[in-house]
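Shown next: run_21.tsv, given as TSV, N, CA and C atoms and all ligand atoms.
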chain	number	residue	atom	x	y	z
A	225	MET	N	0.85	-1.20	0.00
A	225	MET	CA	0.00	0.00	0.00
A	225	MET	C	0.89	1.25	0.00
A	226	ASP	N	0.65	2.18	-0.93
A	226	ASP	CA	1.51	3.37	-0.97
A	226	ASP	C	0.96	4.46	-0.03
A	227	ALA	N	1.71	5.57	0.05
A	227	ALA	CA	1.36	6.63	1.01
A	227	ALA	C	-0.04	7.19	0.75
A	228	PHE	N	-0.41	7.30	-0.51
A	228	PHE	CA	-1.75	7.85	-0.82
A	228	PHE	C	-2.85	6.90	-0.37
A	229	HIS	N	-2.66	5.59	-0.63
A	229	HIS	CA	-3.69	4.63	-0.19
A	229	HIS	C	-3.79	4.64	1.34
A	230	ARG	N	-2.64	4.72	2.03
A	230	ARG	CA	-2.68	4.77	3.50
A	230	ARG	C	-3.38	6.04	3.98
A	231	LEU	N	-3.06	7.17	3.35
A	231	LEU	CA	-3.70	8.43	3.72
A	231	LEU	C	-5.21	8.35	3.51
A	232	GLU	N	-5.62	7.79	2.37
A	232	GLU	CA	-7.06	7.70	2.09
A	232	GLU	C	-7.76	6.78	3.09
A	233	ALA	N	-7.08	5.71	3.51
A	233	ALA	CA	-7.66	4.82	4.52
A	233	ALA	C	-7.82	5.57	5.85
A	234	THR	N	-6.81	6.38	6.20
A	234	THR	CA	-6.89	7.18	7.43
A	234	THR	C	-8.03	8.18	7.35
A	235	ILE	N	-8.16	8.83	6.19
A	235	ILE	CA	-9.24	9.82	6.01
A	235	ILE	C	-10.60	9.15	6.18
A	236	ARG	N	-10.79	7.97	5.58
A	236	ARG	CA	-12.08	7.25	5.73
A	236	ARG	C	-12.31	6.91	7.20
A	237	ASP	N	-11.22	6.49	7.87
A	237	ASP	CA	-11.32	6.09	9.28
A	237	ASP	C	-11.70	7.28	10.18
A	238	ARG	N	-11.18	8.47	9.85
A	238	ARG	CA	-11.41	9.66	10.69
A	238	ARG	C	-12.77	10.32	10.46
A	239	ARG	N	-13.48	9.84	9.46
A	239	ARG	CA	-14.75	10.48	9.09
A	239	ARG	C	-15.68	10.63	10.30
A	240	THR	N	-15.70	9.62	11.15
A	240	THR	CA	-16.61	9.64	12.30
A	240	THR	C	-15.89	9.95	13.61
A	241	ALA	N	-14.65	10.44	13.51
A	241	ALA	CA	-13.89	10.75	14.72
A	241	ALA	C	-14.39	12.07	15.33
A	242	ASP	N	-13.81	12.42	16.46
A	242	ASP	CA	-14.19	13.65	17.16
A	242	ASP	C	-13.52	14.86	16.49
A	243	PRO	N	-14.31	15.81	15.98
A	243	PRO	CA	-13.73	16.99	15.33
A	243	PRO	C	-12.82	17.79	16.26
A	244	ALA	N	-12.98	17.62	17.56
A	244	ALA	CA	-12.12	18.36	18.49
A	244	ALA	C	-10.69	17.81	18.48
A	245	THR	N	-10.53	16.56	18.11
A	245	THR	CA	-9.19	15.95	18.15
A	245	THR	C	-8.68	15.54	16.77
A	246	SER	N	-9.55	15.57	15.76
A	246	SER	CA	-9.14	15.15	14.41
A	246	SER	C	-9.40	16.28	13.42
A	247	TYR	N	-8.33	16.74	12.75
A	247	TYR	CA	-8.48	17.78	11.73
A	247	TYR	C	-9.35	17.28	10.58
A	248	VAL	N	-9.17	16.00	10.19
A	248	VAL	CA	-9.97	15.44	9.10
A	248	VAL	C	-11.45	15.45	9.48
A	249	ALA	N	-11.75	14.99	10.69
A	249	ALA	CA	-13.15	14.99	11.14
A	249	ALA	C	-13.70	16.41	11.17
A	250	SER	N	-12.87	17.37	11.57
A	250	SER	CA	-13.35	18.77	11.63
A	250	SER	C	-13.68	19.28	10.23
A	251	LEU	N	-12.91	18.85	9.23
A	251	LEU	CA	-13.22	19.27	7.85
A	251	LEU	C	-14.54	18.66	7.39
A	252	PHE	N	-14.71	17.34	7.62
A	252	PHE	CA	-15.98	16.70	7.23
A	252	PHE	C	-17.16	17.38	7.94
A	253	ALA	N	-16.96	17.73	9.21
A	253	ALA	CA	-18.05	18.34	9.97
A	253	ALA	C	-18.42	19.71	9.39
A	254	LYS	N	-17.42	20.42	8.84
A	254	LYS	CA	-17.70	21.75	8.28
A	254	LYS	C	-18.37	21.66	6.91
A	255	GLY	N	-18.19	20.54	6.23
A	255	GLY	CA	-18.89	20.33	4.98
A	255	GLY	C	-18.08	20.66	3.74
A	256	ARG	N	-18.67	20.27	2.59
A	256	ARG	CA	-17.93	20.37	1.32
A	256	ARG	C	-17.52	21.79	0.94
A	257	PRO	N	-18.36	22.83	1.16
A	257	PRO	CA	-17.90	24.17	0.80
A	257	PRO	C	-16.60	24.55	1.51
A	258	LYS	N	-16.48	24.21	2.80
A	258	LYS	CA	-15.27	24.53	3.55
A	258	LYS	C	-14.08	23.70	3.05
A	259	ILE	N	-14.34	22.42	2.77
A	259	ILE	CA	-13.26	21.56	2.25
A	259	ILE	C	-12.77	22.12	0.92
A	260	ALA	N	-13.71	22.50	0.05
A	260	ALA	CA	-13.34	23.05	-1.25
A	260	ALA	C	-12.58	24.36	-1.09
A	261	GLN	N	-13.00	25.18	-0.14
A	261	GLN	CA	-12.30	26.45	0.11
A	261	GLN	C	-10.86	26.19	0.55
A	262	LYS	N	-10.69	25.21	1.46
A	262	LYS	CA	-9.33	24.88	1.93
A	262	LYS	C	-8.47	24.39	0.75
A	263	LEU	N	-9.08	23.57	-0.12
A	263	LEU	CA	-8.33	23.07	-1.28
A	263	LEU	C	-7.87	24.25	-2.14
A	264	GLY	N	-8.77	25.22	-2.34
A	264	GLY	CA	-8.41	26.40	-3.13
A	264	GLY	C	-7.27	27.18	-2.48
A	265	GLU	N	-7.33	27.34	-1.16
A	265	GLU	CA	-6.26	28.06	-0.46
A	265	GLU	C	-4.93	27.34	-0.62
A	266	GLU	N	-4.98	26.00	-0.50
A	266	GLU	CA	-3.74	25.24	-0.62
A	266	GLU	C	-3.20	25.31	-2.05
A	267	ALA	N	-4.10	25.37	-3.03
A	267	ALA	CA	-3.65	25.51	-4.42
A	267	ALA	C	-2.92	26.84	-4.61
A	268	VAL	N	-3.49	27.91	-4.03
A	268	VAL	CA	-2.84	29.23	-4.15
A	268	VAL	C	-1.47	29.19	-3.46
A	269	GLU	N	-1.42	28.57	-2.27
A	269	GLU	CA	-0.14	28.49	-1.55
A	269	GLU	C	0.89	27.68	-2.34
A	270	THR	N	0.41	26.67	-3.07
A	270	THR	CA	1.32	25.87	-3.90
A	270	THR	C	1.87	26.72	-5.05
A	271	VAL	N	1.00	27.51	-5.66
A	271	VAL	CA	1.44	28.39	-6.75
A	271	VAL	C	2.47	29.40	-6.24
A	272	ILE	N	2.18	29.99	-5.07
A	272	ILE	CA	3.10	30.98	-4.51
A	272	ILE	C	4.46	30.34	-4.23
A	273	ALA	N	4.43	29.13	-3.67
A	273	ALA	CA	5.70	28.43	-3.39
A	273	ALA	C	6.47	28.19	-4.69
A	274	ALA	N	5.75	27.74	-5.72
A	274	ALA	CA	6.43	27.46	-7.00
A	274	ALA	C	7.10	28.71	-7.55
A	275	MET	N	6.44	29.87	-7.38
A	275	MET	CA	6.96	31.10	-7.96
A	275	MET	C	8.01	31.79	-7.09
A	276	ALA	N	7.84	31.69	-5.76
A	276	ALA	CA	8.67	32.53	-4.88
A	276	ALA	C	9.44	31.76	-3.81
A	277	GLN	N	8.95	30.57	-3.46
A	277	GLN	CA	9.59	29.83	-2.37
A	277	GLN	C	9.71	28.35	-2.74
A	278	PRO	N	10.52	28.04	-3.76
A	278	PRO	CA	10.56	26.66	-4.26
A	278	PRO	C	10.95	25.63	-3.19
A	279	ASP	N	11.64	26.07	-2.14
A	279	ASP	CA	11.99	25.11	-1.07
A	279	ASP	C	10.75	24.63	-0.32
A	280	LYS	N	9.63	25.36	-0.45
A	280	LYS	CA	8.39	24.97	0.23
A	280	LYS	C	7.42	24.22	-0.70
A	281	LEU	N	7.83	24.02	-1.95
A	281	LEU	CA	6.89	23.47	-2.94
A	281	LEU	C	6.41	22.07	-2.57
A	282	VAL	N	7.31	21.21	-2.14
A	282	VAL	CA	6.90	19.83	-1.81
A	282	VAL	C	5.92	19.83	-0.64
A	283	SER	N	6.21	20.63	0.38
A	283	SER	CA	5.33	20.70	1.55
A	283	SER	C	3.95	21.23	1.16
A	284	GLU	N	3.91	22.27	0.35
A	284	GLU	CA	2.62	22.83	-0.08
A	284	GLU	C	1.88	21.84	-0.98
A	285	ALA	N	2.64	21.13	-1.83
A	285	ALA	CA	2.00	20.12	-2.69
A	285	ALA	C	1.39	19.01	-1.85
A	286	ALA	N	2.05	18.63	-0.76
A	286	ALA	CA	1.50	17.60	0.13
A	286	ALA	C	0.21	18.09	0.79
A	287	ASP	N	0.19	19.36	1.23
A	287	ASP	CA	-1.04	19.94	1.79
A	287	ASP	C	-2.17	19.91	0.75
A	288	LEU	N	-1.80	20.26	-0.48
A	288	LEU	CA	-2.79	20.29	-1.57
A	288	LEU	C	-3.37	18.90	-1.81
A	289	MET	N	-2.50	17.90	-1.91
A	289	MET	CA	-2.96	16.54	-2.18
A	289	MET	C	-3.79	16.00	-1.03
A	290	PHE	N	-3.39	16.33	0.20
A	290	PHE	CA	-4.16	15.90	1.37
A	290	PHE	C	-5.59	16.45	1.29
A	291	HIS	N	-5.71	17.74	1.03
A	291	HIS	CA	-7.05	18.34	0.98
A	291	HIS	C	-7.84	17.83	-0.23
A	292	LEU	N	-7.16	17.52	-1.34
A	292	LEU	CA	-7.85	16.91	-2.49
A	292	LEU	C	-8.42	15.55	-2.10
A	293	CYS	N	-7.64	14.76	-1.37
A	293	CYS	CA	-8.12	13.44	-0.92
A	293	CYS	C	-9.35	13.58	-0.03
A	294	VAL	N	-9.35	14.60	0.84
A	294	VAL	CA	-10.51	14.81	1.72
A	294	VAL	C	-11.73	15.19	0.87
A	295	LEU	N	-11.53	16.08	-0.11
A	295	LEU	CA	-12.66	16.50	-0.96
A	295	LEU	C	-13.21	15.31	-1.75
A	296	LEU	N	-12.32	14.51	-2.33
A	296	LEU	CA	-12.77	13.32	-3.06
A	296	LEU	C	-13.55	12.39	-2.14
A	297	ALA	N	-13.02	12.16	-0.93
A	297	ALA	CA	-13.69	11.26	0.02
A	297	ALA	C	-15.08	11.79	0.36
A	298	ASP	N	-15.19	13.10	0.53
A	298	ASP	CA	-16.50	13.69	0.86
A	298	ASP	C	-17.50	13.44	-0.27
A	299	ALA	N	-16.98	13.32	-1.51
A	299	ALA	CA	-17.86	13.07	-2.66
A	299	ALA	C	-17.99	11.58	-2.95
A	300	GLY	N	-17.46	10.72	-2.08
A	300	GLY	CA	-17.56	9.27	-2.29
A	300	GLY	C	-16.60	8.76	-3.35
A	301	LEU	N	-15.51	9.51	-3.56
A	301	LEU	CA	-14.52	9.15	-4.59
A	301	LEU	C	-13.16	9.00	-3.94
A	302	ASP	N	-12.20	8.48	-4.72
A	302	ASP	CA	-10.81	8.46	-4.23
A	302	ASP	C	-9.85	8.55	-5.41
A	303	LEU	N	-8.55	8.49	-5.09
A	303	LEU	CA	-7.55	8.67	-6.15
A	303	LEU	C	-7.58	7.55	-7.18
A	304	ASP	N	-8.13	6.37	-6.83
A	304	ASP	CA	-8.27	5.32	-7.84
A	304	ASP	C	-9.20	5.78	-8.96
A	305	ASP	N	-10.20	6.59	-8.61
A	305	ASP	CA	-11.08	7.13	-9.65
A	305	ASP	C	-10.30	8.09	-10.55
A	306	VAL	N	-9.40	8.87	-9.94
A	306	VAL	CA	-8.58	9.79	-10.73
A	306	VAL	C	-7.59	8.99	-11.59
A	307	ARG	N	-7.01	7.93	-10.98
A	307	ARG	CA	-6.09	7.07	-11.74
A	307	ARG	C	-6.79	6.48	-12.95
A	308	ALA	N	-8.04	6.03	-12.77
A	308	ALA	CA	-8.79	5.42	-13.88
A	308	ALA	C	-9.01	6.44	-14.99
A	309	GLU	N	-9.27	7.69	-14.59
A	309	GLU	CA	-9.47	8.74	-15.61
A	309	GLU	C	-8.16	9.02	-16.35
A	310	LEU	N	-7.04	9.03	-15.60
A	310	LEU	CA	-5.75	9.26	-16.25
A	310	LEU	C	-5.40	8.08	-17.17
A	311	ASP	N	-5.74	6.84	-16.73
A	311	ASP	CA	-5.52	5.66	-17.58
A	311	ASP	C	-6.30	5.81	-18.89
A	312	ARG	N	-7.55	6.29	-18.76
A	312	ARG	CA	-8.39	6.45	-19.95
A	312	ARG	C	-7.76	7.43	-20.93
A	313	ARG	N	-7.09	8.46	-20.38
A	313	ARG	CA	-6.52	9.49	-21.24
A	313	ARG	C	-5.19	9.09	-21.85
A	314	GLU	N	-4.56	8.04	-21.27
A	314	GLU	CA	-3.22	7.66	-21.72
A	314	GLU	C	-3.26	7.35	-23.21
A	315	GLY	N	-2.30	7.88	-23.93
A	315	GLY	CA	-2.24	7.61	-25.36
A	315	GLY	C	-2.98	8.64	-26.19
A	316	LEU	N	-3.89	9.40	-25.54
A	316	LEU	CA	-4.54	10.49	-26.26
A	316	LEU	C	-3.65	11.72	-26.17
A	317	SER	N	-3.61	12.51	-27.22
A	317	SER	CA	-2.92	13.80	-27.07
A	317	SER	C	-3.82	14.70	-26.24
A	318	GLY	N	-3.26	15.76	-25.69
A	318	GLY	CA	-4.07	16.70	-24.92
A	318	GLY	C	-5.21	17.25	-25.74
A	319	HIS	N	-4.95	17.55	-27.00
A	319	HIS	CA	-5.99	18.11	-27.87
A	319	HIS	C	-7.10	17.08	-28.11
A	320	ALA	N	-6.70	15.82	-28.35
A	320	ALA	CA	-7.70	14.78	-28.60
A	320	ALA	C	-8.54	14.54	-27.36
A	321	GLU	N	-7.90	14.59	-26.19
A	321	GLU	CA	-8.64	14.37	-24.94
A	321	GLU	C	-9.68	15.48	-24.76
A	322	LYS	N	-9.27	16.71	-25.04
A	322	LYS	CA	-10.20	17.84	-24.88
A	322	LYS	C	-11.37	17.71	-25.86
A	323	ALA	N	-11.06	17.31	-27.09
A	323	ALA	CA	-12.11	17.16	-28.10
A	323	ALA	C	-13.11	16.09	-27.68
A	324	ALA	N	-12.60	14.96	-27.12
A	324	ALA	CA	-13.48	13.86	-26.70
A	324	ALA	C	-14.37	14.32	-25.55
A	325	ARG	N	-13.77	15.10	-24.64
A	325	ARG	CA	-14.53	15.58	-23.49
A	325	ARG	C	-15.62	16.57	-23.92
A	326	THR	N	-15.27	17.46	-24.84
A	326	THR	CA	-16.22	18.46	-25.31
A	326	THR	C	-17.37	17.79	-26.05
A	327	LYS	N	-17.04	16.76	-26.85
A	327	LYS	CA	-18.06	16.04	-27.62
A	327	LYS	C	-19.03	15.34	-26.67
A	328	GLY	N	-18.46	14.79	-25.57
A	328	GLY	CA	-19.29	14.03	-24.63
A	328	GLY	C	-20.14	14.94	-23.75
A	329	ALA	N	-19.78	16.22	-23.69
A	329	ALA	CA	-20.47	17.14	-22.75
A	329	ALA	C	-21.84	17.56	-23.26
B	1	LIG	N1	-1.65	14.91	5.82
B	1	LIG	C1	-2.29	15.55	6.65
B	1	LIG	C2	-2.31	16.98	6.64
B	1	LIG	N2	-1.69	17.88	5.82
B	1	LIG	C3	-2.07	19.09	6.26
B	1	LIG	N3	-2.87	18.97	7.36
B	1	LIG	C4	-3.48	20.05	8.13
B	1	LIG	O1	-4.06	20.97	7.25
B	1	LIG	C5	-4.14	22.24	7.89
B	1	LIG	C6	-3.79	23.27	6.87
B	1	LIG	O2	-3.14	24.32	7.42
B	1	LIG	P1	-3.77	25.77	7.52
B	1	LIG	O3	-2.83	26.57	8.33
B	1	LIG	O4	-4.12	26.25	6.16
B	1	LIG	O5	-5.16	25.50	8.27
B	1	LIG	P2	-5.61	25.78	9.75
B	1	LIG	O6	-5.38	27.21	10.07
B	1	LIG	O7	-5.01	24.78	10.70
B	1	LIG	O8	-7.15	25.44	9.57
B	1	LIG	P3	-8.36	26.41	9.24
B	1	LIG	O9	-8.80	26.95	10.57
B	1	LIG	O10	-7.91	27.44	8.25
B	1	LIG	O11	-9.38	25.48	8.63
B	1	LIG	C7	-3.21	22.18	9.12
B	1	LIG	O12	-4.01	22.10	10.29
B	1	LIG	C8	-2.45	20.88	8.90
B	1	LIG	O13	-2.13	20.22	10.10
B	1	LIG	C9	-3.05	17.68	7.60
B	1	LIG	N4	-3.78	17.04	8.55
B	1	LIG	C10	-3.78	15.68	8.56
B	1	LIG	N5	-3.06	14.93	7.64
B	1	LIG	C11	-3.11	13.45	7.67
B	1	LIG	O14	-4.34	13.04	8.20
B	1	LIG	C12	-4.11	12.17	9.31
B	1	LIG	C13	-5.24	12.29	10.31
B	1	LIG	O15	-5.23	13.58	10.90
B	1	LIG	P4	-6.27	13.91	12.09
B	1	LIG	O16	-7.63	13.85	11.46
B	1	LIG	O17	-5.92	15.28	12.59
B	1	LIG	O18	-6.09	12.83	13.11
B	1	LIG	C14	-2.74	12.56	9.85
B	1	LIG	O19	-2.15	11.53	10.59
B	1	LIG	C15	-2.00	12.84	8.55
B	1	LIG	O20	-1.58	11.62	7.97

Reformat the file's structure so that it appears as structure tokens.
Ligand SMILES: N=c1c2ncn([C@@H]3O[C@H](COP(=O)(O)OP(=O)(O)OP(=O)(O)O)[C@@H](O)[C@H]3O)c2ncn1[C@@H]1O[C@H](COP(=O)(O)O)[C@@H](O)[C@H]1O
Amino acid sequence: MDAFHRLEATIRDRRTADPATSYVASLFAKGRPKIAQKLGEEAVETVIAAMAQPDKLVSEAADLMFHLCVLLADAGLDLDDVRAELDRREGLSGHAEKAARTKGA
């Protein structure tokens, strides 16, 4: 099991934990708008690190991925769903992938 699978298992486990002692539980308790807001903040912090503080990029990227995993879990999804979508796109050029997505929309 890799670090992401372990993290996702922990996130599922913390869903019903006490929000006073678990940050993950506190996010679930606040609901999807708050989780999405945190993800957006972490994305901005990742961009800032990339542009101005590259030594912090890995740490900010980890925060970003953690909050993405929480958002996916709140929606009943996980990174395996994202992996499956990336597998589907493999071999398509970016332009072909966009065209297929637009056609399907
Ligand atoms: N990977 C993480 C992780 N990455 C970041 N964070 C938290 O994400 C928050 C982001 O920092 P901010 O300063 O932006 O947020 P904040 O001011 O604390 O929170 P807000 O009041 O803004 O919501 C911090 O509180 C970090 O501790 C994480 N919290 C938990 N995990 C994992 O989740 C597991 C379970 O955590 P608990 O639910 O707390 O037991 C841990 O063992 C870790 O493996």

Residue nearest ligand LIG 1 (chain B) - candidates A:Tyr247, A:Arg307, A:Arg230, A:Leu263, atoms counted: only C-alpha atoms and all ligand atoms: A:Tyr247

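Our summary of the geometry notes that atom C of Thr270 of chain A is positioned 10.5 Å from atom CA of Ala286 of chain A.
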
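Counting only N, CA and C atoms, the residue from A:Ser317, A:Glu232, A:Ala249, A:Val268 that sits nearest to Asp302 of chain A is A:Glu232.
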
Using all atoms listed in the file, what table do you get, as CSV, when you list each residue of chain A with an atom no more than 7 Å from ligand LIG 1 (chain B), its nearest pair of atoms, and their distance in Å rounded to one decimal, rows by chain then rising number?
residue,atom,partner,partner_atom,distance
A:Leu231,CA,B:LIG1,O20,5.7
A:Thr234,C,B:LIG1,C13,5.8
A:Ile235,N,B:LIG1,O14,6.0
A:Arg238,CA,B:LIG1,O16,5.7
A:Thr245,C,B:LIG1,O17,5.0
A:Ser246,CA,B:LIG1,O16,3.6
A:Tyr247,N,B:LIG1,O17,2.8
A:Val248,N,B:LIG1,O16,2.9
A:Ala249,N,B:LIG1,O16,4.3
A:Ser250,N,B:LIG1,O16,6.3
A:Lys262,CA,B:LIG1,O11,6.7
A:Glu265,C,B:LIG1,O4,6.9
A:Glu266,N,B:LIG1,O4,6.7
A:Ala286,C,B:LIG1,N2,5.4
A:Asp287,CA,B:LIG1,N2,4.6
A:Leu288,N,B:LIG1,N2,6.7
A:Phe290,CA,B:LIG1,N1,5.2
A:His291,N,B:LIG1,N2,6.3

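With only C-alpha atoms as the atoms that count, the minimum distance from Ala324 of chain A to the choices A:Asp237, A:Ala276, A:Arg312, A:Gln261 is reached by A:Arg312.
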
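Remark: for Arg239 of chain A, the closest of the candidate residues A:Met289, A:Leu316, A:Val294, A:Leu310 is A:Val294 (distances computed over only C-alpha atoms).
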
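When only C-alpha atoms are used to compute distances to Ala297 of chain A, the closest of the residues A:Val282, A:Ile259, A:Lys254, A:Ala244 turns out to be A:Ile259.
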
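For the pair atom C of Lys258 of chain A and atom N of Met275 of chain A, the interatomic distance is 23.8 Å.
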
Would you compute the box with edges along x, y and z of the file around segment 237-250 of chain A, including every atom the file lists for it and 3 Å extra on each side, and give its centre and edge lengths in Å to one decimal, as AutoDock Vina command-line options?
--center_x -12.5 --center_y 12.7 --center_z 13.2 --size_x 14.3 --size_y 19.2 --size_z 16.6

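The interatomic distance for the pair atom C of Pro257 of chain A and atom C of Arg236 of chain A works out to 19.0 Å.
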
Counting all atoms listed in the file, the option among A:Ala227, A:Glu321, A:Arg313, A:Asp298 closest to Phe252 of chain A: A:Asp298

DSSP-assigned alpha helix (DSSP H) members of chain A, reported as a PyMOL selection string: chain A and resi 227-238+247-254+256-276+281-298+303-313+318-328
